[in-house]
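J.: The following file, query14.cif, comprises mmCIF, C-alpha atoms:
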```
data_query
#
loop_
_atom_site.label_atom_id
_atom_site.label_comp_id
_atom_site.auth_asym_id
_atom_site.auth_seq_id
_atom_site.Cartn_x
_atom_site.Cartn_y
_atom_site.Cartn_z
CA MET W 1 -0.59 18.30 47.70
CA LYS W 2 -0.06 14.58 47.12
CA PHE W 3 1.18 15.04 43.55
CA ARG W 4 3.53 17.78 44.70
CA SER W 5 4.92 15.51 47.40
CA ILE W 6 5.88 13.00 44.72
CA LEU W 7 7.64 15.60 42.63
CA TYR W 8 9.66 16.68 45.65
CA GLY W 9 9.87 13.48 47.66
CA VAL W 10 8.72 9.90 47.94
CA GLY W 11 5.21 8.64 47.25
CA LYS W 12 2.75 7.42 44.64
CA ALA W 13 -0.09 9.11 42.80
CA GLY W 14 -1.95 7.08 40.18
CA ASN W 15 0.68 5.52 37.93
CA ILE W 16 3.43 7.95 38.96
CA VAL W 17 5.98 7.00 41.63
CA GLY W 18 8.52 9.25 43.31
CA ARG W 19 11.57 7.80 45.03
CA LYS W 20 14.91 8.91 46.32
CA GLY W 21 17.97 7.64 44.46
CA LYS W 22 21.26 6.52 45.97
CA GLY W 23 22.83 9.88 45.25
CA GLY W 24 20.10 11.73 47.06
CA GLU W 25 18.31 12.84 43.91
CA TYR W 26 14.55 12.39 43.51
CA ILE W 27 13.46 10.13 40.65
CA ILE W 28 10.05 10.11 38.99
CA SER W 29 9.01 6.92 37.16
CA ALA W 30 5.95 4.99 36.01
CA TYR W 31 4.50 2.53 38.48
CA GLN W 32 5.44 -1.09 37.71
CA PRO W 33 3.05 -3.42 39.52
CA LYS W 34 4.38 -6.72 40.79
CA VAL W 35 3.39 -9.65 38.58
CA HIS W 36 1.91 -12.39 40.67
CA ASN W 37 1.60 -16.02 39.63
CA PRO W 38 -1.28 -17.31 41.69
CA GLN W 39 -1.10 -21.04 42.21
CA THR W 40 -4.79 -21.77 41.84
CA LEU W 41 -5.91 -25.36 41.47
CA ALA W 42 -7.16 -24.72 37.93
CA GLN W 43 -3.83 -23.21 36.88
CA MET W 44 -1.76 -25.96 38.47
CA THR W 45 -4.02 -28.62 36.99
CA GLN W 46 -3.52 -27.23 33.48
CA ARG W 47 0.24 -26.99 33.93
CA TYR W 48 0.57 -30.53 35.18
CA LYS W 49 -1.67 -31.85 32.41
CA ALA W 50 0.44 -30.05 29.82
CA LYS W 51 3.61 -31.44 31.35
CA ALA W 52 2.17 -34.96 31.30
CA ALA W 53 1.11 -34.52 27.66
CA VAL W 54 4.58 -33.44 26.58
CA GLN W 55 6.27 -36.28 28.42
CA SER W 56 3.79 -38.98 27.40
CA LEU W 57 3.55 -38.01 23.73
CA SER W 58 7.26 -37.41 23.09
CA PRO W 59 7.82 -40.96 21.76
CA PHE W 60 5.25 -40.24 19.02
CA ALA W 61 6.93 -37.08 17.69
CA GLN W 62 8.48 -38.70 14.60
CA TRP W 63 5.25 -40.45 13.71
CA ALA W 64 3.39 -37.14 14.06
CA LYS W 65 5.43 -35.60 11.25
CA LEU W 66 3.86 -38.12 8.87
CA MET W 67 0.44 -38.79 10.36
CA ILE W 68 -0.73 -35.52 11.94
CA GLN W 69 -2.17 -32.69 9.86
CA PRO W 70 -1.52 -29.38 11.67
CA SER W 71 -4.06 -26.59 11.51
CA GLY W 72 -3.45 -22.87 11.52
CA LYS W 73 0.09 -22.00 12.55
CA ARG W 74 0.55 -25.05 14.73
CA THR W 75 3.35 -27.55 14.15
CA TYR W 76 2.85 -31.31 13.93
CA TRP W 77 3.98 -31.58 17.54
CA SER W 78 1.77 -28.83 18.94
CA GLU W 79 -1.20 -30.24 17.03
CA LEU W 80 -0.55 -33.66 18.59
CA ILE W 81 -0.53 -32.07 22.05
CA LYS W 82 -3.72 -30.14 21.37
CA LEU W 83 -5.54 -33.23 20.09
CA ASN W 84 -4.84 -35.18 23.27
CA LEU W 85 -4.59 -32.65 26.09
CA ASP W 86 -8.24 -32.51 27.10
CA GLU W 87 -9.48 -36.07 26.53
CA ALA W 88 -6.49 -38.41 26.59
CA ILE W 89 -4.63 -36.94 29.57
CA VAL W 90 -6.55 -38.28 32.55
CA GLY W 91 -6.26 -38.19 36.33
CA SER W 92 -6.40 -35.48 38.94
CA TYR W 93 -3.85 -32.97 40.17
CA PRO W 94 -0.99 -33.65 40.55
CA ASP W 95 -1.08 -37.11 38.95
CA PHE W 96 -1.90 -37.32 35.24
CA GLU W 97 -1.24 -39.98 32.63
CA LEU W 98 -2.02 -40.84 29.03
CA ASP W 99 -5.09 -42.99 28.40
CA PHE W 100 -3.98 -44.97 25.36
CA SER W 101 -7.51 -45.93 24.37
CA LYS W 102 -8.36 -42.22 23.94
CA THR W 103 -5.10 -41.14 22.32
CA ILE W 104 -5.35 -39.71 18.80
CA LEU W 105 -2.25 -40.33 16.69
CA ALA W 106 -3.65 -39.44 13.26
CA ASN W 107 -6.26 -36.78 12.66
CA GLY W 108 -7.08 -37.05 8.96
CA THR W 109 -10.63 -36.84 7.65
CA THR W 110 -10.17 -37.65 3.97
CA LEU W 111 -9.77 -41.42 4.25
CA ASP W 112 -11.85 -44.06 6.02
CA LEU W 113 -10.46 -46.76 8.27
CA PRO W 114 -10.91 -50.38 7.16
CA TYR W 115 -13.78 -52.35 8.64
CA SER W 116 -13.27 -54.57 11.70
CA PRO W 117 -9.53 -54.07 12.22
CA SER W 118 -7.80 -56.19 14.85
CA ALA W 119 -4.29 -56.98 16.07
CA THR W 120 -2.81 -59.98 17.86
CA ALA W 121 0.70 -60.81 19.04
CA ASP W 122 2.67 -64.07 18.84
CA GLY W 123 5.92 -63.31 20.60
CA THR W 124 7.19 -60.13 18.97
CA THR W 125 5.23 -60.69 15.76
CA LEU W 126 2.14 -58.54 15.32
CA SER W 127 -0.62 -59.80 13.04
CA PHE W 128 -3.23 -57.44 11.65
CA THR W 129 -6.50 -58.33 9.97
CA TRP W 130 -9.29 -56.16 8.58
CA ALA W 131 -12.17 -56.23 6.14
CA ASP W 132 -11.59 -54.59 2.77
CA ASN W 133 -14.01 -51.70 2.33
CA SER W 134 -12.45 -50.38 -0.88
CA GLY W 135 -14.86 -48.35 -2.96
CA MET W 136 -17.05 -47.41 -0.01
CA GLY W 137 -16.97 -43.78 1.03
CA ASN W 138 -13.39 -42.51 1.19
CA ALA W 139 -11.74 -45.91 1.00
CA PHE W 140 -9.47 -46.97 -1.85
CA ALA W 141 -7.79 -50.29 -2.54
CA ASP W 142 -4.25 -48.88 -2.64
CA ASP W 143 -4.51 -46.92 0.63
CA LYS W 144 -1.63 -47.88 2.92
CA LEU W 145 -2.10 -49.35 6.38
CA ALA W 146 0.03 -47.48 8.91
CA PHE W 147 0.65 -48.87 12.38
CA ILE W 148 2.49 -47.77 15.48
CA ALA W 149 3.32 -49.89 18.52
CA TYR W 150 4.34 -48.29 21.79
CA ASN W 151 6.20 -50.00 24.62
CA GLU W 152 5.37 -47.98 27.72
CA SER W 153 7.91 -49.66 29.99
CA LYS W 154 10.75 -48.80 27.59
CA LYS W 155 9.24 -45.48 26.40
CA GLN W 156 9.85 -46.56 22.79
CA ALA W 157 7.70 -46.65 19.68
CA VAL W 158 8.14 -48.35 16.30
CA PHE W 159 5.98 -47.72 13.27
CA ASN W 160 5.49 -48.34 9.57
CA THR W 161 3.35 -46.00 7.48
CA ALA W 162 3.04 -48.37 4.51
CA LEU W 163 2.79 -51.85 6.00
CA ALA W 164 0.20 -53.13 3.51
CA GLU W 165 -2.60 -52.00 1.22
CA ARG W 166 -6.25 -51.84 2.18
CA ALA W 167 -7.08 -54.61 -0.30
CA ASP W 168 -4.57 -56.99 1.32
CA ARG W 169 -6.84 -57.66 4.32
CA ASN W 170 -3.93 -58.75 6.53
CA ALA W 171 -0.32 -57.97 7.38
CA THR W 172 2.41 -58.81 9.89
CA ALA W 173 5.12 -56.74 11.56
CA THR W 174 8.08 -57.74 13.71
CA LEU W 175 8.83 -55.80 16.87
CA PRO W 176 12.24 -55.55 18.60
CA SER W 177 13.28 -58.75 20.34
CA ALA W 178 14.22 -56.68 23.40
CA TRP W 179 10.50 -56.03 23.89
CA THR W 180 9.80 -59.67 24.75
CA GLY W 181 7.77 -59.88 27.96
CA ASP W 182 6.53 -56.30 27.73
CA ASN W 183 3.10 -54.92 26.84
CA VAL W 184 2.56 -52.85 23.71
CA ASN W 185 -0.23 -50.52 22.68
CA VAL W 186 -1.11 -50.67 19.00
CA TRP W 187 -2.81 -48.12 16.74
CA ILE W 188 -3.55 -48.09 13.02
CA ALA W 189 -4.49 -45.44 10.48
CA MET W 190 -4.70 -45.22 6.70
CA ARG W 191 -2.48 -43.12 4.45
CA SER W 192 -2.73 -42.57 0.69
CA LEU W 193 0.18 -42.11 -1.69
CA ASP W 194 -0.73 -38.44 -2.11
CA GLY W 195 -0.77 -37.74 1.63
CA LYS W 196 -4.43 -38.11 2.55
CA LEU W 197 -5.02 -39.51 6.04
CA SER W 198 -7.64 -41.21 8.15
CA ARG W 199 -8.15 -40.83 11.86
CA SER W 200 -6.26 -43.32 14.00
CA THR W 201 -7.80 -46.00 16.17
CA HIS W 202 -6.33 -47.80 19.16
CA LEU W 203 -6.65 -51.51 18.52
CA ALA W 204 -5.32 -53.22 21.61
CA THR W 205 -2.87 -53.51 24.49
CA LEU W 206 -0.99 -56.74 23.84
CA PRO W 207 1.46 -58.81 25.93
CA LEU W 208 4.49 -60.01 23.98
#
```
Do you think you could lay out the structure here as structure tokens?

T.:
Amino acid sequence: MKFRSILYGVGKAGNIVGRKGKGGEYIISAYQPKVHNPQTLAQMTQRYKAKAAVQSLSPFAQWAKLMIQPSGKRTYWSELIKLNLDEAIVGSYPDFELDFSKTILANGTTLDLPYSPSATADGTTLSFTWADNSGMGNAFADDKLAFIAYNESKKQAVFNTALAERADRNATATLPSAWTGDNVNVWIAMRSLDGKLSRSTHLATLPL
């Protein structure tokens, strides 16, 4: 009988395996199937996208602690990855990159962005303008304008989460002098004193 042959020799029946040990004794154990890691295109695509997301979004980790609202048991960092993995990581296997225009760096829903925001650069000075929409929807005069500027060539980001108030209509920020000659991507969002947030928006890619 096959089962008997396992008990007294070498073989396999169902999830039971019989084998001969080094000392000549017969050993009975449960079958442990080999775990395969098939390298399908879909699996490799997801892995490379995830790798690109981690690498590309790392410079925004400190900002995320202040401007990302995690859901469930996720951390600020894992929420940032989730927000951008499907839409902002673009390309095809094995080459993926971050599309800055689609990148979400603040995910709040309890504040509105100002109307018609824009950013320009004069050297390393950023100038922001916007229309004051205080009192409309979820927009309040003392909401703080938060901005982040990212220098892709240097893999560095600088930010300020309270640059000005919504009612100010304009503000300026000075970037590092070492960034002269580089391009920067600029986003803004709104943040209230009690921690409410708006969604971010990518304003521009600017030469310095």

J.: One decimal, Å: what's the distance from CA of Lys155 in chain W over to CA of Lys51 in chain W, could you say?

T.: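 Here the two named atoms are 15.9 Å from each other.
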
J.: On this structure, the PyMOL selection byres ((chain W and resi 111-113) around 12) would catch which residues? List them as a PyMOL selection string, sorted by chain and number.

T.: chain W and resi 106-110+114-118+130-146+165-166+187-203

J.: Keeping only C-alpha atoms, take the residues you just selected and write them out as a compact mmCIF listing (two decimals), in the frame of the given file.

T.:
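part_21.txt written:
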```
# COMPACT_ATOMS: atom_id res chain seq x y z
CA ALA W 106 -3.65 -39.44 13.26
CA ASN W 107 -6.26 -36.78 12.66
CA GLY W 108 -7.08 -37.05 8.96
CA THR W 109 -10.63 -36.84 7.65
CA THR W 110 -10.17 -37.65 3.97
CA PRO W 114 -10.91 -50.38 7.16
CA TYR W 115 -13.78 -52.35 8.64
CA SER W 116 -13.27 -54.57 11.70
CA PRO W 117 -9.53 -54.07 12.22
CA SER W 118 -7.80 -56.19 14.85
CA TRP W 130 -9.29 -56.16 8.58
CA ALA W 131 -12.17 -56.23 6.14
CA ASP W 132 -11.59 -54.59 2.77
CA ASN W 133 -14.01 -51.70 2.33
CA SER W 134 -12.45 -50.38 -0.88
CA GLY W 135 -14.86 -48.35 -2.96
CA MET W 136 -17.05 -47.41 -0.01
CA GLY W 137 -16.97 -43.78 1.03
CA ASN W 138 -13.39 -42.51 1.19
CA ALA W 139 -11.74 -45.91 1.00
CA PHE W 140 -9.47 -46.97 -1.85
CA ALA W 141 -7.79 -50.29 -2.54
CA ASP W 142 -4.25 -48.88 -2.64
CA ASP W 143 -4.51 -46.92 0.63
CA LYS W 144 -1.63 -47.88 2.92
CA LEU W 145 -2.10 -49.35 6.38
CA ALA W 146 0.03 -47.48 8.91
CA GLU W 165 -2.60 -52.00 1.22
CA ARG W 166 -6.25 -51.84 2.18
CA TRP W 187 -2.81 -48.12 16.74
CA ILE W 188 -3.55 -48.09 13.02
CA ALA W 189 -4.49 -45.44 10.48
CA MET W 190 -4.70 -45.22 6.70
CA ARG W 191 -2.48 -43.12 4.45
CA SER W 192 -2.73 -42.57 0.69
CA LEU W 193 0.18 -42.11 -1.69
CA ASP W 194 -0.73 -38.44 -2.11
CA GLY W 195 -0.77 -37.74 1.63
CA LYS W 196 -4.43 -38.11 2.55
CA LEU W 197 -5.02 -39.51 6.04
CA SER W 198 -7.64 -41.21 8.15
CA ARG W 199 -8.15 -40.83 11.86
CA SER W 200 -6.26 -43.32 14.00
CA THR W 201 -7.80 -46.00 16.17
CA HIS W 202 -6.33 -47.80 19.16
CA LEU W 203 -6.65 -51.51 18.52
```

J.: Could you work out how far CA of Leu85 in chain W lies from CA of Trp179 in chain W, giving the answer in Å with one decimal?

T.: 27.9 Å

J.: Between CA of Leu41 in chain W and CA of Tyr93 in chain W, what distance in Å does the model show, to one decimal?

T.: 8.0 Å

J.: Mind listing as a count of residues only all residues within 8 Å of (-6.0, -60.5, 8.3), counting only C-alpha atoms?

T.: 9

J.: What's the 12 Å shell around Thr75 in chain W, counting only C-alpha atoms, without same-chain residues fewer than 4 positions away, as a PyMOL selection string?

T.: chain W and resi 61+64-66+68-71+79-82

J.: From the set W:Asn185, W:Ser58, W:Asn84, W:Thr120, which residue has the shortest atom-to-atom contact distance to Ile148 in chain W, counting all atoms listed in the file?

T.: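 Once distances to Ile148 in chain W are computed over all atoms listed in the file, the minimum belongs to W:Asn185.
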
J.: Evaluate the PyMOL selection byres ((chain W and resi 97) around 10) here and jot the selected residues down as number ranges by chain.

T.: W: 48-49, 51-53, 55-56, 88-92, 95-96, 98-100

J.: Could you rebuild range 52-67 of chain W with N, CA and C atoms and give me the result as an mmCIF file, keeping the file's coordinate frame?

T.:
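Result file part-v3.cif:
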```
data_model
loop_
_atom_site.group_PDB
_atom_site.id
_atom_site.type_symbol
_atom_site.label_atom_id
_atom_site.label_comp_id
_atom_site.auth_asym_id
_atom_site.auth_seq_id
_atom_site.Cartn_x
_atom_site.Cartn_y
_atom_site.Cartn_z
ATOM 1 N N ALA W 52 2.389 -33.537 31.545
ATOM 2 C CA ALA W 52 2.170 -34.960 31.300
ATOM 3 C C ALA W 52 1.989 -35.237 29.812
ATOM 4 N N ALA W 53 1.311 -34.340 29.102
ATOM 5 C CA ALA W 53 1.110 -34.520 27.660
ATOM 6 C C ALA W 53 2.438 -34.502 26.924
ATOM 7 N N VAL W 54 3.282 -33.542 27.241
ATOM 8 C CA VAL W 54 4.580 -33.440 26.580
ATOM 9 C C VAL W 54 5.415 -34.686 26.839
ATOM 10 N N GLN W 55 5.469 -35.113 28.082
ATOM 11 C CA GLN W 55 6.270 -36.280 28.420
ATOM 12 C C GLN W 55 5.712 -37.557 27.801
ATOM 13 N N SER W 56 4.404 -37.739 27.866
ATOM 14 C CA SER W 56 3.790 -38.980 27.400
ATOM 15 C C SER W 56 3.780 -39.095 25.884
ATOM 16 N N LEU W 57 3.670 -37.975 25.189
ATOM 17 C CA LEU W 57 3.550 -38.010 23.730
ATOM 18 C C LEU W 57 4.876 -37.860 23.003
ATOM 19 N N SER W 58 5.950 -37.583 23.720
ATOM 20 C CA SER W 58 7.260 -37.410 23.090
ATOM 21 C C SER W 58 7.673 -38.592 22.208
ATOM 22 N N PRO W 59 7.421 -39.845 22.613
ATOM 23 C CA PRO W 59 7.820 -40.960 21.760
ATOM 24 C C PRO W 59 7.095 -41.008 20.411
ATOM 25 N N PHE W 60 6.015 -40.229 20.260
ATOM 26 C CA PHE W 60 5.250 -40.240 19.020
ATOM 27 C C PHE W 60 5.584 -39.066 18.099
ATOM 28 N N ALA W 61 6.619 -38.300 18.438
ATOM 29 C CA ALA W 61 6.930 -37.080 17.690
ATOM 30 C C ALA W 61 7.288 -37.367 16.239
ATOM 31 N N GLN W 62 8.084 -38.392 15.980
ATOM 32 C CA GLN W 62 8.480 -38.700 14.600
ATOM 33 C C GLN W 62 7.297 -39.180 13.772
ATOM 34 N N TRP W 63 6.479 -40.002 14.375
ATOM 35 C CA TRP W 63 5.250 -40.450 13.710
ATOM 36 C C TRP W 63 4.366 -39.255 13.355
ATOM 37 N N ALA W 64 4.267 -38.295 14.262
ATOM 38 C CA ALA W 64 3.390 -37.140 14.060
ATOM 39 C C ALA W 64 3.746 -36.354 12.814
ATOM 40 N N LYS W 65 5.015 -36.321 12.452
ATOM 41 C CA LYS W 65 5.430 -35.600 11.250
ATOM 42 C C LYS W 65 4.774 -36.175 9.996
ATOM 43 N N LEU W 66 4.434 -37.452 10.033
ATOM 44 C CA LEU W 66 3.860 -38.120 8.870
ATOM 45 C C LEU W 66 2.352 -38.302 8.961
ATOM 46 N N MET W 67 1.824 -38.358 10.183
ATOM 47 C CA MET W 67 0.440 -38.790 10.360
ATOM 48 C C MET W 67 -0.463 -37.750 11.041
#
```
